[in-house]
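entry29.cif (mmCIF, C-alpha atoms) appears below.
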data_final
loop_
_atom_site.label_atom_id
_atom_site.label_comp_id
_atom_site.auth_asym_id
_atom_site.auth_seq_id
_atom_site.Cartn_x
_atom_site.Cartn_y
_atom_site.Cartn_z
CA MET A 1 0.00 0.00 0.00
CA LYS A 2 1.19 3.52 -0.76
CA PHE A 3 0.99 6.07 2.07
CA MET A 4 1.11 9.84 2.14
CA LEU A 5 1.99 11.30 5.54
CA ALA A 6 1.13 14.78 6.79
CA VAL A 7 2.81 16.00 9.95
CA LEU A 8 0.84 18.91 11.41
CA GLY A 9 2.01 19.15 14.99
CA ASP A 10 4.76 21.39 16.38
CA PRO A 11 7.63 19.20 17.69
CA ASN A 12 7.81 21.20 20.93
CA HIS A 13 4.11 21.09 21.68
CA CYS A 14 2.81 17.69 20.73
CA PRO A 15 3.96 14.15 19.96
CA ALA A 16 2.80 14.25 16.32
CA PRO A 17 6.27 14.43 14.65
CA ILE A 18 7.65 11.53 16.67
CA SER A 19 4.44 9.48 16.27
CA ALA A 20 4.62 10.08 12.54
CA TYR A 21 8.26 9.03 12.49
CA ARG A 22 7.51 5.76 14.28
CA PHE A 23 4.56 5.13 11.96
CA ALA A 24 6.69 5.85 8.88
CA ASP A 25 9.35 3.42 10.09
CA ALA A 26 6.71 0.74 10.69
CA VAL A 27 5.18 1.33 7.24
CA LEU A 28 8.49 0.62 5.51
CA THR A 29 9.30 -2.31 7.80
CA ALA A 30 5.96 -3.86 6.83
CA GLY A 31 6.91 -3.57 3.16
CA HIS A 32 4.66 -0.66 2.24
CA GLU A 33 5.63 2.51 0.42
CA ILE A 34 5.66 6.18 1.45
CA HIS A 35 5.03 8.62 -1.39
CA ARG A 36 6.03 11.76 0.49
CA VAL A 37 6.03 13.32 3.96
CA PHE A 38 4.46 16.77 4.03
CA PHE A 39 5.06 19.04 7.02
CA TYR A 40 2.31 21.60 7.61
CA HIS A 41 1.19 23.99 10.38
CA GLY A 42 3.64 23.81 13.31
CA GLY A 43 5.02 20.59 11.84
CA VAL A 44 7.30 22.67 9.61
CA LEU A 45 9.36 23.47 12.71
CA VAL A 46 10.81 19.96 12.44
CA ALA A 47 12.77 21.43 9.52
CA ASN A 48 14.22 24.30 11.56
CA ALA A 49 18.02 24.16 11.19
CA LEU A 50 18.45 26.84 13.87
CA ALA A 51 16.84 24.81 16.66
CA GLU A 52 19.17 22.90 18.93
CA PRO A 53 17.70 20.51 21.51
CA PRO A 54 19.77 19.80 24.66
CA GLN A 55 22.47 17.23 24.10
CA ASP A 56 20.82 14.63 26.32
CA GLU A 57 17.55 14.78 24.36
CA PRO A 58 16.89 13.07 21.02
CA SER A 59 16.57 15.35 18.00
CA ILE A 60 13.32 14.66 16.15
CA ALA A 61 14.65 16.75 13.26
CA GLN A 62 17.72 14.53 12.92
CA LEU A 63 15.59 11.37 13.06
CA TRP A 64 13.50 12.63 10.16
CA GLN A 65 16.53 13.91 8.27
CA HIS A 66 18.18 10.51 8.53
CA PHE A 67 14.95 8.69 7.66
CA GLY A 68 14.41 10.73 4.50
CA ASN A 69 17.99 10.36 3.41
CA GLU A 70 18.28 6.62 4.09
CA ASN A 71 15.00 5.75 2.39
CA ASN A 72 15.08 8.36 -0.35
CA ILE A 73 11.74 9.80 0.75
CA GLU A 74 10.88 13.41 0.00
CA LEU A 75 10.42 15.59 3.09
CA VAL A 76 8.47 18.70 2.07
CA ALA A 77 7.72 21.64 4.36
CA CYS A 78 4.84 23.84 3.22
CA ILE A 79 6.35 27.06 1.94
CA ALA A 80 3.60 29.29 3.36
CA SER A 81 3.55 27.63 6.80
CA ALA A 82 7.34 27.73 6.83
CA SER A 83 7.70 31.43 6.07
CA ARG A 84 5.21 32.27 8.84
CA ARG A 85 7.42 30.33 11.24
CA GLY A 86 10.87 31.47 10.13
CA ILE A 87 11.91 28.54 7.93
CA PHE A 88 13.48 29.75 4.66
CA ASP A 89 15.63 28.15 2.00
CA ASP A 90 18.24 30.25 0.22
CA SER A 91 15.90 31.65 -2.40
CA GLU A 92 13.07 32.44 0.03
CA ALA A 93 15.54 34.04 2.46
CA GLN A 94 16.75 36.24 -0.37
CA ARG A 95 13.20 37.03 -1.50
CA TYR A 96 12.12 38.19 1.98
CA GLY A 97 15.43 39.89 2.81
CA LYS A 98 16.27 37.49 5.62
CA PRO A 99 19.87 37.19 6.80
CA ALA A 100 20.22 33.46 6.13
CA SER A 101 18.56 30.23 5.12
CA SER A 102 17.13 28.29 8.07
CA ILE A 103 15.91 25.02 6.56
CA LEU A 104 17.55 21.79 7.61
CA PRO A 105 19.35 19.96 4.78
CA GLY A 106 17.24 17.04 3.62
CA PHE A 107 14.02 19.06 3.72
CA ILE A 108 12.66 21.11 0.85
CA LEU A 109 9.97 23.77 0.64
CA GLY A 110 6.92 23.07 -1.49
CA GLY A 111 3.34 24.16 -2.09
CA LEU A 112 0.03 22.75 -0.95
CA GLY A 113 -0.32 21.14 -4.36
CA GLN A 114 2.21 18.58 -3.17
CA LEU A 115 -0.04 17.66 -0.25
CA ILE A 116 -3.06 17.30 -2.52
CA GLU A 117 -1.20 15.48 -5.32
CA GLY A 118 0.29 13.10 -2.75
CA THR A 119 -3.15 12.44 -1.31
CA LEU A 120 -4.59 11.69 -4.73
CA VAL A 121 -1.86 9.27 -5.83
CA SER A 122 -1.59 7.42 -2.50
CA ASP A 123 -3.92 4.77 -1.12
CA ARG A 124 -4.10 6.40 2.31
CA THR A 125 -3.16 9.81 3.71
CA VAL A 126 -2.41 9.68 7.40
CA THR A 127 -2.28 12.98 9.29
CA PHE A 128 -0.51 13.46 12.59
CA GLY A 129 -2.38 16.39 14.00
CA SER A 130 -1.63 19.36 16.14
CA MET B 1 -11.23 13.12 -11.58
CA ASP B 2 -10.80 11.67 -8.10
CA LYS B 3 -13.34 12.58 -5.45
CA LEU B 4 -11.60 14.07 -2.42
CA LEU B 5 -13.22 14.72 0.95
CA VAL B 6 -11.52 17.24 3.25
CA LEU B 7 -12.39 16.93 6.96
CA ILE B 8 -12.33 20.21 8.87
CA SER B 9 -12.45 19.94 12.65
CA LYS B 10 -10.57 22.94 14.05
CA LYS B 11 -12.39 25.88 15.65
CA PRO B 12 -11.89 29.06 13.61
CA TYR B 13 -9.66 31.42 15.58
CA ARG B 14 -7.81 29.48 18.25
CA SER B 15 -4.67 29.28 16.11
CA ILE B 16 -3.52 29.87 12.57
CA ASP B 17 -4.22 26.21 11.73
CA ALA B 18 -7.85 26.72 10.70
CA ARG B 19 -6.82 29.58 8.40
CA GLU B 20 -4.15 27.38 6.82
CA ASN B 21 -6.64 24.54 6.39
CA PHE B 22 -8.88 26.86 4.41
CA ASP B 23 -5.96 27.23 1.99
CA VAL B 24 -5.85 23.44 1.67
CA ILE B 25 -9.50 23.43 0.58
CA LEU B 26 -8.75 26.03 -2.09
CA ALA B 27 -5.71 24.07 -3.31
CA ALA B 28 -7.72 20.84 -3.37
CA SER B 29 -10.31 22.43 -5.63
CA ALA B 30 -7.65 22.84 -8.33
CA PHE B 31 -6.71 19.14 -8.35
CA SER B 32 -9.85 17.21 -7.55
CA GLN B 33 -13.59 17.09 -7.21
CA CYS B 34 -13.55 18.30 -3.64
CA SER B 35 -16.18 18.25 -0.90
CA VAL B 36 -15.86 19.35 2.71
CA LEU B 37 -17.10 17.70 5.90
CA PHE B 38 -17.18 19.94 8.98
CA LEU B 39 -16.79 18.00 12.20
CA GLY B 40 -17.13 19.11 15.82
CA GLU B 41 -15.84 22.62 16.44
CA GLY B 42 -14.90 22.86 12.77
CA LEU B 43 -18.57 23.62 12.11
CA LEU B 44 -18.14 26.91 14.02
CA GLN B 45 -16.06 28.18 11.10
CA LEU B 46 -19.32 28.62 9.20
CA LEU B 47 -20.90 31.06 11.66
CA PRO B 48 -21.49 34.39 9.92
CA GLY B 49 -20.63 37.79 11.38
CA GLN B 50 -17.51 36.72 13.25
CA GLN B 51 -15.61 39.70 14.65
CA ALA B 52 -11.85 39.28 15.02
CA THR B 53 -10.78 42.90 14.56
CA ASP B 54 -9.73 43.41 18.19
CA SER B 55 -7.52 40.35 18.12
CA LYS B 56 -5.86 41.56 14.90
CA VAL B 57 -6.67 38.35 13.07
CA LYS B 58 -7.82 38.14 9.48
CA VAL B 59 -11.44 37.01 9.27
CA PHE B 60 -10.74 34.23 6.78
CA THR B 61 -14.06 32.49 7.36
CA ARG B 62 -15.81 34.98 5.07
CA GLY B 63 -13.95 33.19 2.28
CA TYR B 64 -16.22 30.15 2.64
CA ALA B 65 -18.89 32.10 0.77
CA ALA B 66 -16.62 32.01 -2.31
CA LEU B 67 -16.14 28.22 -2.37
CA PRO B 68 -18.86 27.65 -5.00
CA ASP B 69 -16.76 29.86 -7.31
CA TYR B 70 -13.94 27.33 -6.85
CA GLY B 71 -16.22 24.50 -7.93
CA ILE B 72 -16.77 23.26 -4.37
CA ASP B 73 -20.49 23.00 -3.81
CA LYS B 74 -20.98 20.01 -1.51
CA TYR B 75 -20.63 20.61 2.23
CA TYR B 76 -21.56 18.29 5.03
CA CYS B 77 -21.74 18.32 8.81
CA GLU B 78 -23.13 16.12 11.54
CA SER B 79 -26.66 16.75 12.80
CA THR B 80 -25.45 16.15 16.37
CA ASP B 81 -23.10 19.14 16.04
CA MET B 82 -25.91 21.31 14.67
CA GLU B 83 -28.04 20.38 17.68
CA LYS B 84 -25.20 20.87 20.14
CA TRP B 85 -24.81 24.53 19.18
CA SER B 86 -28.49 25.05 18.25
CA LEU B 87 -27.57 25.94 14.68
CA ASP B 88 -29.75 26.07 11.62
CA SER B 89 -27.88 25.29 8.40
CA LYS B 90 -29.66 28.19 6.67
CA GLN B 91 -28.02 30.71 9.03
CA LEU B 92 -24.48 29.57 8.16
CA ILE B 93 -22.12 31.12 5.58
CA ILE B 94 -22.63 28.09 3.35
CA GLU B 95 -25.38 25.55 3.84
CA PRO B 96 -24.06 22.13 4.84
CA ILE B 97 -26.10 18.95 4.60
CA ALA B 98 -26.57 17.57 8.12
CA LEU B 99 -25.89 13.84 8.43
CA SER B 100 -26.51 11.20 11.07
CA PRO B 101 -23.42 9.33 12.37
CA SER B 102 -24.13 6.36 10.11
CA GLU B 103 -24.65 8.63 7.11
CA THR B 104 -21.32 10.31 7.91
CA ASP B 105 -19.60 6.91 7.84
CA GLU B 106 -21.23 6.16 4.50
CA LEU B 107 -20.21 9.54 3.11
CA ILE B 108 -16.56 9.09 4.05
CA ARG B 109 -16.49 5.62 2.49
CA SER B 110 -18.00 6.93 -0.73
CA PHE B 111 -14.96 9.13 -1.50
CA ASP B 112 -11.83 7.98 -3.34
CA LYS B 113 -9.55 9.93 -1.00
CA VAL B 114 -9.94 11.52 2.40
CA LEU B 115 -7.76 14.23 3.91
CA ASN B 116 -8.33 14.64 7.63
CA LEU B 117 -7.26 18.05 8.91
#
Reformat the file's structure so that it appears as structure tokens.
Amino acid sequence: MKFMLAVLGDPNHCPAPISAYRFADAVLTAGHEIHRVFFYHGGVLVANALAEPPQDEPSIAQLWQHFGNENNIELVACIASASRRGIFDDSEAQRYGKPASSILPGFILGGLGQLIEGTLVSDRTVTFGS
Amino acid sequence: MDKLLVLISKKPYRSIDARENFDVILAASAFSQCSVLFLGEGLLQLLPGQQATDSKVKVFTRGYAALPDYGIDKYYCESTDMEKWSLDSKQLIIEPIALSPSETDELIRSFDKVLNL
């Protein structure tokens, strides 16, 4: 079965990003496929390169970064949600006159069309809510 | 074209999430034959005359009136939610069809894809 995942919850305020990560891992272990992971609402903060959790705490961002890289799965942060919350890639940072990019490598910015397209081509869309 | 059902369950002005979900509905209209099911506090997004000026928030819910222009003309809610807040569908910004719990189950199953926000 092909899954589309949407991560809506802020990593500092709810368990959604880590629940989604564990679900995604289980999906692949069970032999299913993940079309894309779309980060929306506060979920885009998973892609914040400027956040640094304490050293004795796991980094949800790094877990996702590693997961996307290892399994060649696209991690897309909604461009509109991201700009509201201070996540910019190089071109968006330049466009808004921000001092630097702030998106974690391994994540890309994309539009809502990628959430809808992913929903339409996948068998199930599972949202991890805020 | 695939039939897509978007589930809206967030109250309108508690956070920016409901505003962002409205954008999802608009985007969905460009890619699919989209309908919307309002669940729980999500139904409160359809109350007319909401005043958010003092809280400096954009009153995005007025935009629901424009959904027919985007080709979205089927809206649903649960009759239990209508009763809970003593609402009449005719008084809302757009007029949803009120469903019983079993009809809601049937509705969700009748769509090719479901996006639960």
For the file shown, what are the residues hit by the PyMOL selection byres ((chain A) within 9 of (chain B)), laid out as a VMD selection string?
chain A and resid 8 40 to 42 80 to 81 112 to 113 115 to 117 119 to 120 122 to 130
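Reported to one decimal place, the separation of CA of Ser19 in chain A from CA of Ser35 in chain B is 28.2 Å.
Taking CA of His35 in chain A and CA of Pro105 in chain A as endpoints, the distance between them is 19.3 Å.
Here CA of Tyr76 in chain B stands at a distance of 20.6 Å from CA of Tyr13 in chain B.
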Pick out the residues sitting within 9 Å of Leu37 in chain B, and hand them over as a PyMOL selection string; count all atoms listed in the file, and ignore anything fewer than 2 positions along from it in its own chain.
chain B and resi 5-9+35+39+42-43+74-78+96+104+108
Hey, what comes out of the PyMOL selection byres ((chain B and resi 81-88) around 9) on this file? Could you write it as an mmCIF file with C-alpha atoms, in the frame of the given file?
data_model
loop_
_atom_site.group_PDB
_atom_site.id
_atom_site.type_symbol
_atom_site.label_atom_id
_atom_site.label_comp_id
_atom_site.auth_asym_id
_atom_site.auth_seq_id
_atom_site.Cartn_x
_atom_site.Cartn_y
_atom_site.Cartn_z
ATOM 1 C CA LEU B 39 -16.790 18.000 12.200
ATOM 2 C CA GLY B 40 -17.130 19.110 15.820
ATOM 3 C CA GLU B 41 -15.840 22.620 16.440
ATOM 4 C CA LEU B 43 -18.570 23.620 12.110
ATOM 5 C CA LEU B 44 -18.140 26.910 14.020
ATOM 6 C CA LEU B 47 -20.900 31.060 11.660
ATOM 7 C CA CYS B 77 -21.740 18.320 8.810
ATOM 8 C CA GLU B 78 -23.130 16.120 11.540
ATOM 9 C CA SER B 79 -26.660 16.750 12.800
ATOM 10 C CA THR B 80 -25.450 16.150 16.370
ATOM 11 C CA SER B 89 -27.880 25.290 8.400
ATOM 12 C CA LYS B 90 -29.660 28.190 6.670
ATOM 13 C CA GLN B 91 -28.020 30.710 9.030
ATOM 14 C CA LEU B 92 -24.480 29.570 8.160
ATOM 15 C CA GLU B 95 -25.380 25.550 3.840
ATOM 16 C CA ALA B 98 -26.570 17.570 8.120
#
Determine the axis-aligned bounding box of all atoms of range 7-15 of chain A present in the file, pad each side by 4 Å, and express its centre and edge lengths in Å to one decimal place as JSON.
{"center_x": 4.3, "center_y": 17.8, "center_z": 15.8, "size_x": 15.0, "size_y": 15.2, "size_z": 19.7}
Repaired coordinates for range 55-85 of chain B (N, CA and C atoms) as a PDB file, keeping the file's coordinate frame:
ATOM      1  N   SER B  55      -8.649  41.275  17.935  1.00  0.00           N
ATOM      2  CA  SER B  55      -7.520  40.350  18.120  1.00  0.00           C
ATOM      3  C   SER B  55      -6.560  40.387  16.942  1.00  0.00           C
ATOM      4  N   LYS B  56      -6.780  41.335  16.021  1.00  0.00           N
ATOM      5  CA  LYS B  56      -5.860  41.560  14.900  1.00  0.00           C
ATOM      6  C   LYS B  56      -5.656  40.305  14.050  1.00  0.00           C
ATOM      7  N   VAL B  57      -6.735  39.570  13.860  1.00  0.00           N
ATOM      8  CA  VAL B  57      -6.670  38.350  13.070  1.00  0.00           C
ATOM      9  C   VAL B  57      -7.520  38.539  11.824  1.00  0.00           C
ATOM     10  N   LYS B  58      -7.045  38.041  10.717  1.00  0.00           N
ATOM     11  CA  LYS B  58      -7.820  38.140   9.480  1.00  0.00           C
ATOM     12  C   LYS B  58      -9.063  37.246   9.565  1.00  0.00           C
ATOM     13  N   VAL B  59     -10.201  37.793   9.222  1.00  0.00           N
ATOM     14  CA  VAL B  59     -11.440  37.010   9.270  1.00  0.00           C
ATOM     15  C   VAL B  59     -11.535  36.179   7.988  1.00  0.00           C
ATOM     16  N   PHE B  60     -10.825  35.064   7.988  1.00  0.00           N
ATOM     17  CA  PHE B  60     -10.740  34.230   6.780  1.00  0.00           C
ATOM     18  C   PHE B  60     -12.035  33.497   6.494  1.00  0.00           C
ATOM     19  N   THR B  61     -12.873  33.315   7.537  1.00  0.00           N
ATOM     20  CA  THR B  61     -14.060  32.490   7.360  1.00  0.00           C
ATOM     21  C   THR B  61     -15.060  33.079   6.353  1.00  0.00           C
ATOM     22  N   ARG B  62     -14.949  34.387   6.116  1.00  0.00           N
ATOM     23  CA  ARG B  62     -15.810  34.980   5.070  1.00  0.00           C
ATOM     24  C   ARG B  62     -15.564  34.315   3.727  1.00  0.00           C
ATOM     25  N   GLY B  63     -14.341  33.819   3.548  1.00  0.00           N
ATOM     26  CA  GLY B  63     -13.950  33.190   2.280  1.00  0.00           C
ATOM     27  C   GLY B  63     -14.765  31.961   1.938  1.00  0.00           C
ATOM     28  N   TYR B  64     -15.411  31.350   2.938  1.00  0.00           N
ATOM     29  CA  TYR B  64     -16.220  30.150   2.640  1.00  0.00           C
ATOM     30  C   TYR B  64     -17.335  30.471   1.645  1.00  0.00           C
ATOM     31  N   ALA B  65     -17.801  31.713   1.679  1.00  0.00           N
ATOM     32  CA  ALA B  65     -18.890  32.100   0.770  1.00  0.00           C
ATOM     33  C   ALA B  65     -18.450  31.992  -0.688  1.00  0.00           C
ATOM     34  N   ALA B  66     -17.125  32.036  -0.922  1.00  0.00           N
ATOM     35  CA  ALA B  66     -16.620  32.010  -2.310  1.00  0.00           C
ATOM     36  C   ALA B  66     -16.354  30.590  -2.805  1.00  0.00           C
ATOM     37  N   LEU B  67     -16.510  29.575  -1.937  1.00  0.00           N
ATOM     38  CA  LEU B  67     -16.140  28.220  -2.370  1.00  0.00           C
ATOM     39  C   LEU B  67     -16.900  27.734  -3.615  1.00  0.00           C
ATOM     40  N   PRO B  68     -18.185  28.081  -3.766  1.00  0.00           N
ATOM     41  CA  PRO B  68     -18.860  27.650  -5.000  1.00  0.00           C
ATOM     42  C   PRO B  68     -18.137  28.156  -6.256  1.00  0.00           C
ATOM     43  N   ASP B  69     -17.496  29.321  -6.163  1.00  0.00           N
ATOM     44  CA  ASP B  69     -16.760  29.860  -7.310  1.00  0.00           C
ATOM     45  C   ASP B  69     -15.529  29.003  -7.627  1.00  0.00           C
ATOM     46  N   TYR B  70     -15.080  28.232  -6.649  1.00  0.00           N
ATOM     47  CA  TYR B  70     -13.940  27.330  -6.850  1.00  0.00           C
ATOM     48  C   TYR B  70     -14.406  25.924  -7.246  1.00  0.00           C
ATOM     49  N   GLY B  71     -15.686  25.799  -7.509  1.00  0.00           N
ATOM     50  CA  GLY B  71     -16.220  24.500  -7.930  1.00  0.00           C
ATOM     51  C   GLY B  71     -16.508  23.567  -6.763  1.00  0.00           C
ATOM     52  N   ILE B  72     -16.456  24.097  -5.545  1.00  0.00           N
ATOM     53  CA  ILE B  72     -16.770  23.260  -4.370  1.00  0.00           C
ATOM     54  C   ILE B  72     -18.185  23.598  -3.938  1.00  0.00           C
ATOM     55  N   ASP B  73     -19.108  22.668  -4.137  1.00  0.00           N
ATOM     56  CA  ASP B  73     -20.490  23.000  -3.810  1.00  0.00           C
ATOM     57  C   ASP B  73     -21.170  21.947  -2.944  1.00  0.00           C
ATOM     58  N   LYS B  74     -20.373  21.006  -2.413  1.00  0.00           N
ATOM     59  CA  LYS B  74     -20.980  20.010  -1.510  1.00  0.00           C
ATOM     60  C   LYS B  74     -20.318  20.124  -0.143  1.00  0.00           C
ATOM     61  N   TYR B  75     -21.132  20.440   0.864  1.00  0.00           N
ATOM     62  CA  TYR B  75     -20.630  20.610   2.230  1.00  0.00           C
ATOM     63  C   TYR B  75     -21.484  19.752   3.153  1.00  0.00           C
ATOM     64  N   TYR B  76     -20.845  19.170   4.108  1.00  0.00           N
ATOM     65  CA  TYR B  76     -21.560  18.290   5.030  1.00  0.00           C
ATOM     66  C   TYR B  76     -21.172  18.621   6.473  1.00  0.00           C
ATOM     67  N   CYS B  77     -22.056  18.242   7.382  1.00  0.00           N
ATOM     68  CA  CYS B  77     -21.740  18.320   8.810  1.00  0.00           C
ATOM     69  C   CYS B  77     -22.549  17.232   9.494  1.00  0.00           C
ATOM     70  N   GLU B  78     -22.370  17.116  10.801  1.00  0.00           N
ATOM     71  CA  GLU B  78     -23.130  16.120  11.540  1.00  0.00           C
ATOM     72  C   GLU B  78     -24.302  16.791  12.247  1.00  0.00           C
ATOM     73  N   SER B  79     -25.462  16.154  12.184  1.00  0.00           N
ATOM     74  CA  SER B  79     -26.660  16.750  12.800  1.00  0.00           C
ATOM     75  C   SER B  79     -26.468  16.909  14.304  1.00  0.00           C
ATOM     76  N   THR B  80     -25.674  16.030  14.917  1.00  0.00           N
ATOM     77  CA  THR B  80     -25.450  16.150  16.370  1.00  0.00           C
ATOM     78  C   THR B  80     -24.716  17.454  16.697  1.00  0.00           C
ATOM     79  N   ASP B  81     -23.808  17.876  15.807  1.00  0.00           N
ATOM     80  CA  ASP B  81     -23.100  19.140  16.040  1.00  0.00           C
ATOM     81  C   ASP B  81     -24.048  20.333  15.854  1.00  0.00           C
ATOM     82  N   MET B  82     -24.932  20.233  14.879  1.00  0.00           N
ATOM     83  CA  MET B  82     -25.910  21.310  14.670  1.00  0.00           C
ATOM     84  C   MET B  82     -26.783  21.466  15.915  1.00  0.00           C
ATOM     85  N   GLU B  83     -27.184  20.331  16.481  1.00  0.00           N
ATOM     86  CA  GLU B  83     -28.040  20.380  17.680  1.00  0.00           C
ATOM     87  C   GLU B  83     -27.266  20.899  18.878  1.00  0.00           C
ATOM     88  N   LYS B  84     -26.017  20.477  18.986  1.00  0.00           N
ATOM     89  CA  LYS B  84     -25.200  20.870  20.140  1.00  0.00           C
ATOM     90  C   LYS B  84     -25.101  22.383  20.275  1.00  0.00           C
ATOM     91  N   TRP B  85     -24.944  23.073  19.126  1.00  0.00           N
ATOM     92  CA  TRP B  85     -24.810  24.530  19.180  1.00  0.00           C
ATOM     93  C   TRP B  85     -26.091  25.247  18.722  1.00  0.00           C
TER      94      TRP B  85
END
